[in-house]
>>> print(open('target_2.cif').read())   # mmCIF, C-alpha atoms and all ligand atoms
data_final
loop_
_atom_site.label_atom_id
_atom_site.label_comp_id
_atom_site.auth_asym_id
_atom_site.auth_seq_id
_atom_site.Cartn_x
_atom_site.Cartn_y
_atom_site.Cartn_z
CA MET A 300 -116.90 -110.96 -120.97
CA SER A 301 -115.63 -109.34 -124.17
CA LEU A 302 -116.83 -110.81 -127.44
CA VAL A 303 -113.31 -111.06 -128.81
CA GLU A 304 -110.48 -111.76 -126.42
CA ALA A 305 -107.01 -112.24 -127.81
CA SER A 306 -103.91 -112.25 -125.70
CA GLY A 307 -100.38 -112.70 -126.92
CA LEU A 308 -101.84 -113.89 -130.21
CA THR A 309 -98.98 -114.87 -132.49
CA LYS A 310 -98.75 -116.42 -135.93
CA ILE A 311 -95.45 -117.38 -137.46
CA PHE A 312 -95.44 -118.61 -141.05
CA ARG A 313 -92.64 -120.79 -142.27
CA ARG A 314 -91.60 -119.92 -145.78
CA PRO A 315 -89.28 -122.03 -147.95
CA VAL A 316 -86.14 -120.20 -149.00
CA LYS A 317 -84.92 -121.25 -152.44
CA ASP A 318 -81.94 -119.99 -154.38
CA PRO A 319 -82.90 -119.13 -157.95
CA GLY A 320 -82.54 -121.58 -160.83
CA PHE A 321 -82.36 -125.34 -161.17
CA ARG A 322 -79.43 -125.68 -158.77
CA GLY A 323 -81.33 -123.73 -156.13
CA ALA A 324 -84.39 -125.95 -156.56
CA LEU A 325 -82.21 -129.06 -156.33
CA ARG A 326 -80.41 -127.80 -153.24
CA HIS A 327 -83.76 -127.03 -151.64
CA LEU A 328 -84.90 -130.60 -152.32
CA VAL A 329 -81.80 -132.07 -150.68
CA ALA A 330 -81.44 -129.61 -147.82
CA PRO A 331 -84.60 -127.50 -147.51
CA SER A 332 -84.17 -124.25 -145.69
CA HIS A 333 -86.86 -122.01 -144.30
CA ARG A 334 -87.38 -118.54 -143.03
CA ASP A 335 -89.87 -117.67 -140.35
CA VAL A 336 -92.22 -114.74 -140.94
CA THR A 337 -93.94 -113.40 -137.86
CA ALA A 338 -97.22 -112.12 -139.30
CA VAL A 339 -98.95 -111.48 -135.97
CA ASP A 340 -96.73 -110.80 -133.01
CA GLY A 341 -98.27 -110.95 -129.55
CA VAL A 342 -101.52 -109.14 -130.29
CA ASP A 343 -103.72 -108.30 -127.29
CA LEU A 344 -107.19 -107.29 -128.35
CA ARG A 345 -110.57 -107.08 -126.67
CA ILE A 346 -113.68 -106.16 -128.57
CA GLU A 347 -116.98 -105.62 -126.80
CA PRO A 348 -120.35 -106.64 -128.26
CA GLY A 349 -121.71 -103.95 -130.57
CA GLU A 350 -118.38 -102.19 -131.07
CA ALA A 351 -117.27 -101.14 -134.54
CA VAL A 352 -113.50 -101.28 -134.79
CA ALA A 353 -111.34 -100.17 -137.69
CA TYR A 354 -108.31 -102.44 -137.95
CA VAL A 355 -105.76 -100.71 -140.10
CA GLY A 356 -102.10 -100.90 -140.97
CA PRO A 357 -99.73 -100.87 -143.94
CA ASN A 358 -99.55 -103.74 -146.42
CA GLY A 359 -98.22 -106.89 -144.82
CA ALA A 360 -98.88 -105.56 -141.29
CA GLY A 361 -100.83 -108.66 -140.28
CA LYS A 362 -104.46 -107.55 -140.66
CA SER A 363 -105.71 -110.49 -142.75
CA THR A 364 -103.78 -112.94 -140.63
CA THR A 365 -105.44 -111.59 -137.47
CA VAL A 366 -108.87 -111.92 -139.07
CA LYS A 367 -108.06 -115.48 -140.20
CA LEU A 368 -107.04 -116.32 -136.62
CA LEU A 369 -110.27 -114.83 -135.25
CA ALA A 370 -112.30 -116.68 -137.86
CA GLY A 371 -110.57 -119.97 -137.06
CA ILE A 372 -109.26 -120.32 -140.62
CA ILE A 373 -105.69 -120.71 -139.35
CA VAL A 374 -104.22 -121.93 -136.07
CA PRO A 375 -102.18 -119.58 -133.87
CA THR A 376 -98.54 -120.41 -133.23
CA SER A 377 -98.99 -119.20 -129.66
CA GLY A 378 -101.24 -117.08 -127.51
CA ASP A 379 -104.91 -117.31 -126.75
CA VAL A 380 -107.96 -116.31 -128.71
CA ARG A 381 -111.64 -116.58 -127.82
CA VAL A 382 -114.65 -115.34 -129.74
CA ALA A 383 -117.81 -115.42 -127.63
CA GLY A 384 -116.06 -117.91 -125.41
CA LEU A 385 -115.16 -120.29 -128.25
CA SER A 386 -111.76 -121.16 -129.55
CA PRO A 387 -112.14 -120.26 -133.24
CA HIS A 388 -109.91 -123.00 -134.67
CA ARG A 389 -110.94 -125.75 -132.23
CA ASP A 390 -114.65 -124.95 -132.36
CA ARG A 391 -114.53 -124.00 -135.98
CA ILE A 392 -118.08 -124.92 -136.95
CA ALA A 393 -119.72 -123.35 -133.91
CA ASN A 394 -117.53 -120.29 -134.41
CA ALA A 395 -118.51 -120.03 -138.08
CA ARG A 396 -122.15 -119.65 -137.03
CA GLN A 397 -121.39 -116.52 -135.06
CA VAL A 398 -118.96 -114.84 -137.43
CA GLY A 399 -119.41 -113.42 -140.90
CA VAL A 400 -116.32 -112.89 -143.01
CA LEU A 401 -115.91 -110.80 -146.12
CA PHE A 402 -112.50 -110.95 -147.74
CA GLY A 403 -112.31 -108.32 -150.44
CA GLN A 404 -109.99 -110.39 -152.58
CA ARG A 405 -111.74 -113.73 -152.24
CA SER A 406 -115.35 -114.55 -152.84
CA GLN A 407 -117.34 -117.02 -150.85
CA LEU A 408 -119.85 -117.41 -153.66
CA TRP A 409 -119.77 -120.58 -155.72
CA TRP A 410 -118.14 -119.38 -158.90
CA ASP A 411 -120.20 -121.40 -161.36
CA LEU A 412 -123.57 -121.01 -159.67
CA PRO A 413 -126.11 -118.23 -159.96
CA VAL A 414 -125.90 -115.95 -156.91
CA ARG A 415 -129.34 -117.09 -155.72
CA GLU A 416 -128.12 -120.69 -155.44
CA SER A 417 -125.08 -119.66 -153.41
CA PHE A 418 -127.42 -117.88 -151.03
CA THR A 419 -129.73 -120.88 -150.65
CA LEU A 420 -126.73 -123.15 -150.09
CA LEU A 421 -125.45 -120.83 -147.37
CA ARG A 422 -128.95 -120.63 -145.88
CA ASP A 423 -129.08 -124.43 -145.65
CA MET A 424 -125.50 -124.75 -144.37
CA TYR A 425 -126.20 -122.32 -141.54
CA GLY A 426 -129.73 -123.57 -140.89
CA VAL A 427 -131.29 -120.14 -141.38
CA SER A 428 -135.09 -120.32 -140.99
CA ALA A 429 -137.25 -119.51 -144.02
CA ARG A 430 -138.62 -116.45 -142.27
CA ASP A 431 -135.19 -115.05 -141.27
CA TYR A 432 -133.92 -115.74 -144.77
CA ARG A 433 -136.82 -113.88 -146.38
CA GLU A 434 -136.51 -110.90 -144.03
CA ARG A 435 -132.76 -110.63 -144.41
CA MET A 436 -132.91 -110.95 -148.18
CA GLU A 437 -135.48 -108.15 -148.31
CA ARG A 438 -133.25 -105.98 -146.21
CA PHE A 439 -130.13 -106.74 -148.26
CA ASP A 440 -132.08 -106.10 -151.43
CA ALA A 441 -133.11 -102.66 -150.19
CA VAL A 442 -129.50 -101.70 -149.43
CA LEU A 443 -127.58 -103.63 -152.03
CA ASP A 444 -129.98 -103.90 -154.97
CA LEU A 445 -129.53 -107.64 -155.05
CA GLY A 446 -132.58 -108.48 -157.15
CA SER A 447 -130.91 -108.12 -160.53
CA LEU A 448 -127.85 -110.08 -159.40
CA LEU A 449 -129.65 -113.19 -158.17
CA PRO A 450 -129.89 -115.01 -161.53
CA VAL A 451 -126.31 -114.12 -162.55
CA VAL A 452 -123.52 -116.70 -162.34
CA ALA A 453 -120.97 -115.41 -159.81
CA ARG A 454 -118.02 -115.41 -162.19
CA LYS A 455 -119.85 -113.00 -164.48
CA LEU A 456 -120.30 -110.33 -161.80
CA SER A 457 -118.32 -107.11 -161.91
CA LEU A 458 -116.21 -106.30 -158.82
CA GLY A 459 -118.87 -103.97 -157.42
CA GLN A 460 -121.64 -106.50 -158.03
CA ARG A 461 -119.60 -109.25 -156.45
CA MET A 462 -118.91 -107.15 -153.37
CA ARG A 463 -122.65 -106.53 -152.96
CA ALA A 464 -123.44 -110.23 -153.26
CA ASP A 465 -120.53 -111.20 -151.03
CA LEU A 466 -121.53 -108.75 -148.32
CA ALA A 467 -125.01 -110.27 -148.27
CA ALA A 468 -123.47 -113.77 -148.20
CA ALA A 469 -121.29 -112.82 -145.21
CA LEU A 470 -124.29 -111.52 -143.25
CA LEU A 471 -126.94 -113.98 -144.34
CA HIS A 472 -126.80 -116.07 -141.17
CA GLY A 473 -127.06 -113.03 -138.88
CA PRO A 474 -123.56 -113.29 -137.36
CA ARG A 475 -122.78 -111.69 -133.99
CA ILE A 476 -119.51 -110.37 -135.36
CA ALA A 477 -118.62 -109.42 -138.92
CA TYR A 478 -115.03 -109.18 -140.15
CA LEU A 479 -115.21 -107.07 -143.25
CA ASP A 480 -112.20 -106.50 -145.46
CA GLU A 481 -112.67 -103.57 -147.87
CA PRO A 482 -116.47 -103.88 -147.94
CA THR A 483 -117.02 -100.85 -150.17
CA ILE A 484 -114.34 -101.48 -152.78
CA GLY A 485 -115.67 -101.21 -156.33
CA LEU A 486 -119.04 -99.81 -155.26
CA ASP A 487 -120.45 -96.70 -156.84
CA ILE A 488 -120.95 -93.75 -154.53
CA ALA A 489 -124.70 -94.22 -153.98
CA VAL A 490 -124.38 -97.91 -153.07
CA ARG A 491 -121.30 -97.21 -150.97
CA ASP A 492 -123.19 -94.68 -148.89
CA ARG A 493 -126.06 -97.11 -148.43
CA VAL A 494 -123.63 -99.84 -147.36
CA ARG A 495 -122.05 -97.52 -144.81
CA SER A 496 -125.39 -96.57 -143.33
CA PHE A 497 -126.41 -100.24 -143.33
CA LEU A 498 -123.25 -101.11 -141.39
CA ARG A 499 -124.04 -98.36 -138.90
CA GLN A 500 -127.53 -99.80 -138.51
CA LEU A 501 -126.13 -103.29 -137.94
CA ARG A 502 -123.76 -101.89 -135.35
CA ASP A 503 -126.57 -100.04 -133.59
CA GLU A 504 -128.57 -103.26 -133.51
CA GLY A 505 -125.71 -104.95 -131.70
CA THR A 506 -123.64 -106.62 -134.44
CA THR A 507 -119.95 -106.24 -133.70
CA ILE A 508 -117.95 -105.05 -136.68
CA MET A 509 -114.25 -105.28 -137.40
CA LEU A 510 -113.48 -103.32 -140.50
CA THR A 511 -110.30 -103.47 -142.49
CA THR A 512 -110.30 -100.79 -145.11
CA HIS A 513 -108.22 -98.25 -146.93
CA ASP A 514 -111.35 -96.16 -147.35
CA LEU A 515 -111.15 -93.48 -144.74
CA GLY A 516 -114.79 -92.57 -145.21
CA ASP A 517 -115.77 -96.11 -144.17
CA ILE A 518 -113.73 -95.70 -141.01
CA GLU A 519 -115.12 -92.32 -140.05
CA ASP A 520 -118.69 -93.28 -140.92
CA VAL A 521 -118.83 -96.64 -139.21
CA CYS A 522 -116.19 -96.97 -136.49
CA GLU A 523 -115.62 -95.31 -133.13
CA ARG A 524 -112.45 -97.15 -132.34
CA LEU A 525 -109.21 -97.48 -134.25
CA VAL A 526 -106.67 -100.24 -133.86
CA ILE A 527 -103.45 -99.78 -135.79
CA ILE A 528 -101.22 -102.76 -136.44
CA ASP A 529 -97.72 -102.63 -137.84
CA HIS A 530 -95.23 -105.46 -138.20
CA GLY A 531 -97.73 -107.74 -136.48
CA ARG A 532 -98.01 -105.60 -133.34
CA VAL A 533 -100.77 -103.35 -132.15
CA ILE A 534 -99.23 -99.90 -132.04
CA TYR A 535 -102.39 -97.96 -131.28
CA ASP A 536 -105.73 -98.88 -129.80
CA GLY A 537 -108.10 -96.11 -128.86
CA ALA A 538 -110.98 -93.86 -129.73
CA LEU A 539 -110.90 -92.60 -133.29
CA ALA A 540 -111.30 -89.03 -132.09
CA ALA A 541 -108.32 -89.31 -129.72
CA VAL A 542 -106.02 -90.40 -132.55
CA LYS A 543 -105.71 -86.85 -133.72
CA ASP A 544 -104.51 -85.71 -130.32
CA ASP A 545 -101.95 -88.46 -130.17
CA PHE A 546 -100.60 -88.45 -133.70
CA ALA A 547 -101.76 -85.40 -135.53
CA ARG A 548 -100.31 -82.65 -133.44
CA GLU A 549 -99.51 -80.34 -136.31
CA ARG A 550 -101.74 -77.43 -137.23
CA HIS A 551 -101.12 -75.42 -140.38
CA ILE A 552 -101.82 -71.71 -140.14
CA HIS A 553 -101.97 -69.82 -143.43
CA LEU A 554 -101.29 -66.12 -143.01
CA GLN A 555 -101.72 -63.22 -145.38
CA LEU A 556 -99.79 -60.22 -144.11
CA ALA A 557 -100.66 -56.64 -145.15
CA SER A 558 -97.23 -56.12 -146.67
CA ALA A 559 -94.39 -58.18 -148.14
CA VAL A 560 -92.07 -59.31 -145.37
CA PRO A 561 -88.93 -61.42 -145.84
CA LEU A 562 -89.28 -65.06 -144.88
CA SER A 563 -86.26 -64.79 -142.58
CA SER A 564 -88.04 -62.16 -140.45
CA VAL A 565 -91.10 -64.37 -139.97
CA VAL A 566 -88.87 -67.35 -139.17
CA ALA A 567 -87.05 -65.24 -136.58
CA CYS A 568 -90.36 -64.36 -134.87
CA LEU A 569 -91.45 -67.99 -134.67
CA PRO A 570 -88.48 -70.06 -133.49
CA ASP A 571 -90.67 -73.03 -132.50
CA ALA A 572 -92.62 -73.24 -135.75
CA ARG A 573 -91.90 -74.27 -139.34
CA VAL A 574 -92.48 -71.41 -141.74
CA VAL A 575 -92.82 -71.68 -145.51
CA ALA A 576 -93.39 -68.78 -147.88
CA GLY A 577 -96.64 -68.90 -149.87
CA ASP A 578 -97.18 -68.04 -153.55
CA GLY A 579 -97.89 -64.33 -153.18
CA PRO A 580 -96.12 -61.53 -151.30
CA GLY A 581 -96.84 -61.58 -147.58
CA GLU A 582 -98.20 -65.16 -147.69
CA PHE A 583 -96.85 -67.72 -145.27
CA THR A 584 -97.77 -71.12 -143.94
CA VAL A 585 -96.79 -71.66 -140.33
CA THR A 586 -96.83 -75.19 -138.95
CA VAL A 587 -97.02 -75.48 -135.19
CA ASP A 588 -97.50 -78.15 -132.58
CA ARG A 589 -101.10 -77.36 -131.65
CA PHE A 590 -100.54 -78.38 -128.05
CA ARG A 591 -97.64 -75.99 -127.65
CA GLN A 592 -98.52 -72.95 -129.69
CA THR A 593 -101.90 -71.40 -130.30
CA ALA A 594 -102.96 -69.52 -133.44
CA GLY A 595 -103.25 -66.43 -131.23
CA ALA A 596 -99.62 -66.75 -130.19
CA VAL A 597 -98.56 -67.00 -133.84
CA ILE A 598 -100.50 -63.87 -134.76
CA SER A 599 -99.07 -61.93 -131.82
CA ALA A 600 -95.56 -63.01 -132.80
CA VAL A 601 -95.84 -61.72 -136.38
CA LEU A 602 -97.83 -58.53 -135.59
CA PRO A 603 -94.72 -56.39 -135.06
CA LEU A 604 -93.79 -57.19 -138.70
CA ALA A 605 -97.13 -56.49 -140.37
CA GLU A 606 -100.86 -56.67 -139.81
CA VAL A 607 -102.48 -60.07 -140.42
CA VAL A 608 -105.20 -59.47 -143.01
CA GLU A 609 -106.26 -63.06 -143.54
CA LEU A 610 -105.95 -66.24 -141.58
CA ARG A 611 -106.89 -69.83 -142.35
CA ILE A 612 -106.25 -72.75 -140.06
CA ASP A 613 -106.04 -76.34 -141.30
CA GLU A 614 -106.78 -78.76 -138.51
CA PRO A 615 -105.30 -82.23 -138.79
CA ALA A 616 -107.74 -84.83 -140.04
CA ILE A 617 -107.99 -88.43 -138.95
CA GLU A 618 -107.62 -89.12 -142.65
CA ASP A 619 -104.09 -87.74 -142.58
CA VAL A 620 -103.18 -90.04 -139.72
CA VAL A 621 -104.64 -93.14 -141.32
CA ARG A 622 -103.12 -92.27 -144.67
CA LYS A 623 -99.74 -92.01 -142.98
CA VAL A 624 -100.32 -95.37 -141.33
CA TYR A 625 -101.03 -96.99 -144.69
CA ALA A 626 -98.08 -95.30 -146.31
CA GLY A 627 -95.88 -96.69 -143.52
CA GLU A 628 -94.91 -93.11 -142.61
CA LEU A 629 -96.21 -93.17 -139.09
CA ARG A 630 -93.59 -94.45 -136.73
CA LEU A 631 -94.70 -94.71 -133.16
CA ALA A 632 -92.57 -95.08 -130.13
N1 LIG B 1 -99.74 -118.21 -145.82
C1 LIG B 1 -98.67 -117.44 -145.63
N2 LIG B 1 -97.43 -117.97 -145.73
C2 LIG B 1 -96.34 -117.20 -145.52
N3 LIG B 1 -96.36 -115.90 -145.20
C3 LIG B 1 -97.57 -115.31 -145.08
C4 LIG B 1 -98.79 -116.05 -145.29
N4 LIG B 1 -99.84 -115.21 -145.10
C5 LIG B 1 -99.31 -114.00 -144.80
N5 LIG B 1 -97.96 -114.07 -144.79
C6 LIG B 1 -97.04 -112.96 -144.45
O1 LIG B 1 -97.42 -112.44 -143.20
C7 LIG B 1 -97.30 -111.03 -143.19
C8 LIG B 1 -98.66 -110.41 -142.84
O2 LIG B 1 -99.56 -110.66 -143.92
P1 LIG B 1 -101.09 -110.21 -143.91
O3 LIG B 1 -101.70 -110.72 -145.17
O4 LIG B 1 -101.72 -110.61 -142.63
O5 LIG B 1 -100.96 -108.63 -143.94
P2 LIG B 1 -102.07 -107.53 -144.24
O6 LIG B 1 -101.88 -106.49 -143.19
O7 LIG B 1 -103.40 -108.17 -144.35
O8 LIG B 1 -101.60 -106.98 -145.64
P3 LIG B 1 -102.46 -106.41 -146.91
O9 LIG B 1 -102.96 -105.06 -146.50
O10 LIG B 1 -101.42 -106.33 -147.97
O11 LIG B 1 -103.54 -107.41 -147.18
C9 LIG B 1 -96.78 -110.63 -144.56
O12 LIG B 1 -95.38 -110.52 -144.47
C10 LIG B 1 -97.17 -111.80 -145.43
O13 LIG B 1 -96.28 -111.94 -146.51
#
>>> encode(input="target_2.cif", output="structure tokens")
Amino acid sequence: MSLVEASGLTKIFRRPVKDPGFRGALRHLVAPSHRDVTAVDGVDLRIEPGEAVAYVGPNGAGKSTTVKLLAGIIVPTSGDVRVAGLSPHRDRIANARQVGVLFGQRSQLWWDLPVRESFTLLRDMYGVSARDYRERMERFDAVLDLGSLLPVVARKLSLGQRMRADLAAALLHGPRIAYLDEPTIGLDIAVRDRVRSFLRQLRDEGTTIMLTTHDLGDIEDVCERLVIIDHGRVIYDGALAAVKDDFARERHIHLQLASAVPLSSVVACLPDARVVAGDGPGEFTVTVDRFRQTAGAVISAVLPLAEVVELRIDEPAIEDVVRKVYAGELRLA
């Protein structure tokens, strides 16, 4: 059985629609009107124990809503969802014991309490044994430098400090699955790298991780699988490495020819490619579909014009794909 099993998972929010001004407010009181927003639209998702999945998509795509559904914070409009066999919203308390949630924007620390007291409250709420608590705190301290933060009242923490404390708070009860939203935001580079390697360790020990992040380094360092959501629908679900083959077909080949050649001649030699002149004479960038045209074929095509004295090939990066996803530029069939 998969750890997370969602099928046809749908969440529709009902938003009040008000005309502006006093009249609008009055009209809304007398005859309220609403607009439905489908935040999550028939999502099918299975996550196996120990998988690390990046869940990405443009703003408003439905990422947080999915996580809230999986965490049992909100109730689905339709569809089924099970986490380790439990219905998250019906078995909310039992579900909370097996999931850890970090929402980048919202803290689960008690705002007016020193961090240490939030941790002990969470320890007691989740019934974490003294020994587990001590061991976990030691481990978090080694990765997240928690020691100096423990006496500080949560509202006085900087963003980076709060993220460190919140990450520990989300993992304090040793959840089977962690939903982490932007876990490295605000962290300095050294701590960020430690957090990434810590997440890899957790994954290797069997904790399932669902990571929502704009940080492409987090994705490449921690996850093997990428799920892309857009307009509430899963538009891609597959191995991170395979994404490039599916969506990043373009390869840029930078050529330096031995002599100045007019752009039109190079274009004429390469009817299936896009050719742009570079800064210097004889410099060109040729963009090809890497599954249709090899670099060798490009070189052979331009050889009758001039010798190729230098060649550089830019392979597509997963980063480009994910960046396009976030920018809303990637439109899939
Ligand atoms: N409580 C709510 N009431 C009404 N609409 C909501 C509510 N929560 C989310 N939405 C809407 O549902 C859609 C999906 O929102 P969601 O927060 O899940 O997206 P997201 O992918 O997490 O975006 P972001 O990257 O900006 O956090 C958006 O159109 C959002 O405005």
>>> residues_around(input="target_2.cif", residues="A:Ile476", least_positions_apart="5", cutoff="7 Å", atoms="all atoms listed in the file", output="PyMOL selection string")
chain A and resi 397-399+506-508
>>> write_last_selection(input="target_2.cif", atoms="C-alpha atoms", output="compact mmCIF listing (two decimals), in the frame of the given file")
# COMPACT_ATOMS: atom_id res chain seq x y z
CA GLN A 397 -121.39 -116.52 -135.06
CA VAL A 398 -118.96 -114.84 -137.43
CA GLY A 399 -119.41 -113.42 -140.90
CA THR A 506 -123.64 -106.62 -134.44
CA THR A 507 -119.95 -106.24 -133.70
CA ILE A 508 -117.95 -105.05 -136.68
>>> residues_near_ligand(input="target_2.cif", ligand="ligand LIG 1 (chain B)", cutoff="10 Å", atoms="only C-alpha atoms and all ligand atoms", output="PDB file with C-alpha atoms, in the coordinates of the input")
ATOM      1  CA  LYS A 310     -98.750-116.420-135.930  1.00  0.00           C
ATOM      2  CA  ILE A 311     -95.450-117.380-137.460  1.00  0.00           C
ATOM      3  CA  PHE A 312     -95.440-118.610-141.050  1.00  0.00           C
ATOM      4  CA  ARG A 313     -92.640-120.790-142.270  1.00  0.00           C
ATOM      5  CA  ARG A 314     -91.600-119.920-145.780  1.00  0.00           C
ATOM      6  CA  PRO A 315     -89.280-122.030-147.950  1.00  0.00           C
ATOM      7  CA  ARG A 334     -87.380-118.540-143.030  1.00  0.00           C
ATOM      8  CA  ASP A 335     -89.870-117.670-140.350  1.00  0.00           C
ATOM      9  CA  VAL A 336     -92.220-114.740-140.940  1.00  0.00           C
ATOM     10  CA  THR A 337     -93.940-113.400-137.860  1.00  0.00           C
ATOM     11  CA  ALA A 338     -97.220-112.120-139.300  1.00  0.00           C
ATOM     12  CA  VAL A 339     -98.950-111.480-135.970  1.00  0.00           C
ATOM     13  CA  TYR A 354    -108.310-102.440-137.950  1.00  0.00           C
ATOM     14  CA  VAL A 355    -105.760-100.710-140.100  1.00  0.00           C
ATOM     15  CA  GLY A 356    -102.100-100.900-140.970  1.00  0.00           C
ATOM     16  CA  PRO A 357     -99.730-100.870-143.940  1.00  0.00           C
ATOM     17  CA  ASN A 358     -99.550-103.740-146.420  1.00  0.00           C
ATOM     18  CA  GLY A 359     -98.220-106.890-144.820  1.00  0.00           C
ATOM     19  CA  ALA A 360     -98.880-105.560-141.290  1.00  0.00           C
ATOM     20  CA  GLY A 361    -100.830-108.660-140.280  1.00  0.00           C
ATOM     21  CA  LYS A 362    -104.460-107.550-140.660  1.00  0.00           C
ATOM     22  CA  SER A 363    -105.710-110.490-142.750  1.00  0.00           C
ATOM     23  CA  THR A 364    -103.780-112.940-140.630  1.00  0.00           C
ATOM     24  CA  THR A 365    -105.440-111.590-137.470  1.00  0.00           C
ATOM     25  CA  VAL A 366    -108.870-111.920-139.070  1.00  0.00           C
ATOM     26  CA  LYS A 367    -108.060-115.480-140.200  1.00  0.00           C
ATOM     27  CA  LEU A 368    -107.040-116.320-136.620  1.00  0.00           C
ATOM     28  CA  ILE A 373    -105.690-120.710-139.350  1.00  0.00           C
ATOM     29  CA  PHE A 402    -112.500-110.950-147.740  1.00  0.00           C
ATOM     30  CA  GLY A 403    -112.310-108.320-150.440  1.00  0.00           C
ATOM     31  CA  GLN A 404    -109.990-110.390-152.580  1.00  0.00           C
ATOM     32  CA  ASP A 480    -112.200-106.500-145.460  1.00  0.00           C
ATOM     33  CA  GLU A 481    -112.670-103.570-147.870  1.00  0.00           C
ATOM     34  CA  THR A 511    -110.300-103.470-142.490  1.00  0.00           C
ATOM     35  CA  THR A 512    -110.300-100.790-145.110  1.00  0.00           C
ATOM     36  CA  HIS A 513    -108.220 -98.250-146.930  1.00  0.00           C
ATOM     37  CA  ILE A 528    -101.220-102.760-136.440  1.00  0.00           C
ATOM     38  CA  ASP A 529     -97.720-102.630-137.840  1.00  0.00           C
ATOM     39  CA  HIS A 530     -95.230-105.460-138.200  1.00  0.00           C
ATOM     40  CA  GLY A 531     -97.730-107.740-136.480  1.00  0.00           C
ATOM     41  CA  TYR A 625    -101.030 -96.990-144.690  1.00  0.00           C
TER      42      TYR A 625
END
>>> closest_residue(input="target_2.cif", among="A:Leu610, A:Thr309, A:Arg433, A:Arg438", to="A:Gly378", atoms="only C-alpha atoms")
A:Thr309
>>> atom_distance(input="target_2.cif", atom1="atom CA of A:Gln407", atom2="atom CA of A:Gly505")
24.1 Å
>>> atom_distance(input="target_2.cif", atom1="atom CA of A:Leu539", atom2="atom CA of A:Ala395")
28.9 Å
>>> closest_residue(input="target_2.cif", among="A:Val452, A:Val442, A:Val587, A:Ile552", to="A:Glu609", atoms="all atoms listed in the file")
A:Ile552
>>> residues_around(input="target_2.cif", residues="A:Leu554", least_positions_apart="4", cutoff="9 Å", atoms="all atoms listed in the file", output="list in words")
Gly577, Gly581, Glu582, Phe583, Thr584, Val585, Ile598, Val607, Val608, Glu609, Leu610, Arg611 and Ile612 of chain A
>>> closest_residue(input="target_2.cif", among="A:Asn394, A:Gln555, A:Ser496, A:Ser301", to="A:Glu347", atoms="all atoms listed in the file")
A:Ser301
>>> atom_distance(input="target_2.cif", atom1="atom CA of A:Ile484", atom2="atom CA of A:Ile346")
24.7 Å
>>> closest_residue(input="target_2.cif", among="A:Gly485, A:Gly537, A:Pro474, A:Gly446", to="A:Gly459", atoms="only C-alpha atoms")
A:Gly485
>>> axis_aligned_box(input="target_2.cif", around="stretch 542-561 of chain A", padding_each_side="6 Å", output="lines of an AutoDock Vina configuration file")
center_x = -97.5
center_y = -73.3
center_z = -139.2
size_x = 29.1
size_y = 46.3
size_z = 30.0
>>> residues_around(input="target_2.cif", residues="A:Glu504", least_positions_apart="4", cutoff="12 Å", atoms="only C-alpha atoms", output="PyMOL selection string")
chain A and resi 348-351+473-476+497-500+508
>>> residues_around(input="target_2.cif", residues="A:Thr593", least_positions_apart="3", cutoff="12 Å", atoms="only C-alpha atoms", output="list of chain:residue names")
A:Arg548, A:Glu549, A:Arg550, A:His551, A:Ile552, A:Leu569, A:Asp571, A:Ala572, A:Val585, A:Thr586, A:Val587, A:Asp588, A:Arg589, A:Phe590, A:Ala596, A:Val597, A:Ile598, A:Ser599, A:Ala600, A:Ile612
>>> write_last_selection(input="target_2.cif", atoms="C-alpha atoms", output="PDB file, keeping the file's coordinate frame")
ATOM      1  CA  ARG A 548    -100.310 -82.650-133.440  1.00  0.00           C
ATOM      2  CA  GLU A 549     -99.510 -80.340-136.310  1.00  0.00           C
ATOM      3  CA  ARG A 550    -101.740 -77.430-137.230  1.00  0.00           C
ATOM      4  CA  HIS A 551    -101.120 -75.420-140.380  1.00  0.00           C
ATOM      5  CA  ILE A 552    -101.820 -71.710-140.140  1.00  0.00           C
ATOM      6  CA  LEU A 569     -91.450 -67.990-134.670  1.00  0.00           C
ATOM      7  CA  ASP A 571     -90.670 -73.030-132.500  1.00  0.00           C
ATOM      8  CA  ALA A 572     -92.620 -73.240-135.750  1.00  0.00           C
ATOM      9  CA  VAL A 585     -96.790 -71.660-140.330  1.00  0.00           C
ATOM     10  CA  THR A 586     -96.830 -75.190-138.950  1.00  0.00           C
ATOM     11  CA  VAL A 587     -97.020 -75.480-135.190  1.00  0.00           C
ATOM     12  CA  ASP A 588     -97.500 -78.150-132.580  1.00  0.00           C
ATOM     13  CA  ARG A 589    -101.100 -77.360-131.650  1.00  0.00           C
ATOM     14  CA  PHE A 590    -100.540 -78.380-128.050  1.00  0.00           C
ATOM     15  CA  ALA A 596     -99.620 -66.750-130.190  1.00  0.00           C
ATOM     16  CA  VAL A 597     -98.560 -67.000-133.840  1.00  0.00           C
ATOM     17  CA  ILE A 598    -100.500 -63.870-134.760  1.00  0.00           C
ATOM     18  CA  SER A 599     -99.070 -61.930-131.820  1.00  0.00           C
ATOM     19  CA  ALA A 600     -95.560 -63.010-132.800  1.00  0.00           C
ATOM     20  CA  ILE A 612    -106.250 -72.750-140.060  1.00  0.00           C
TER      21      ILE A 612
END
>>> closest_residue(input="target_2.cif", among="A:Asp578, A:Glu519, A:Glu434, A:Asp440", to="A:Ala540", atoms="all atoms listed in the file")
A:Glu519
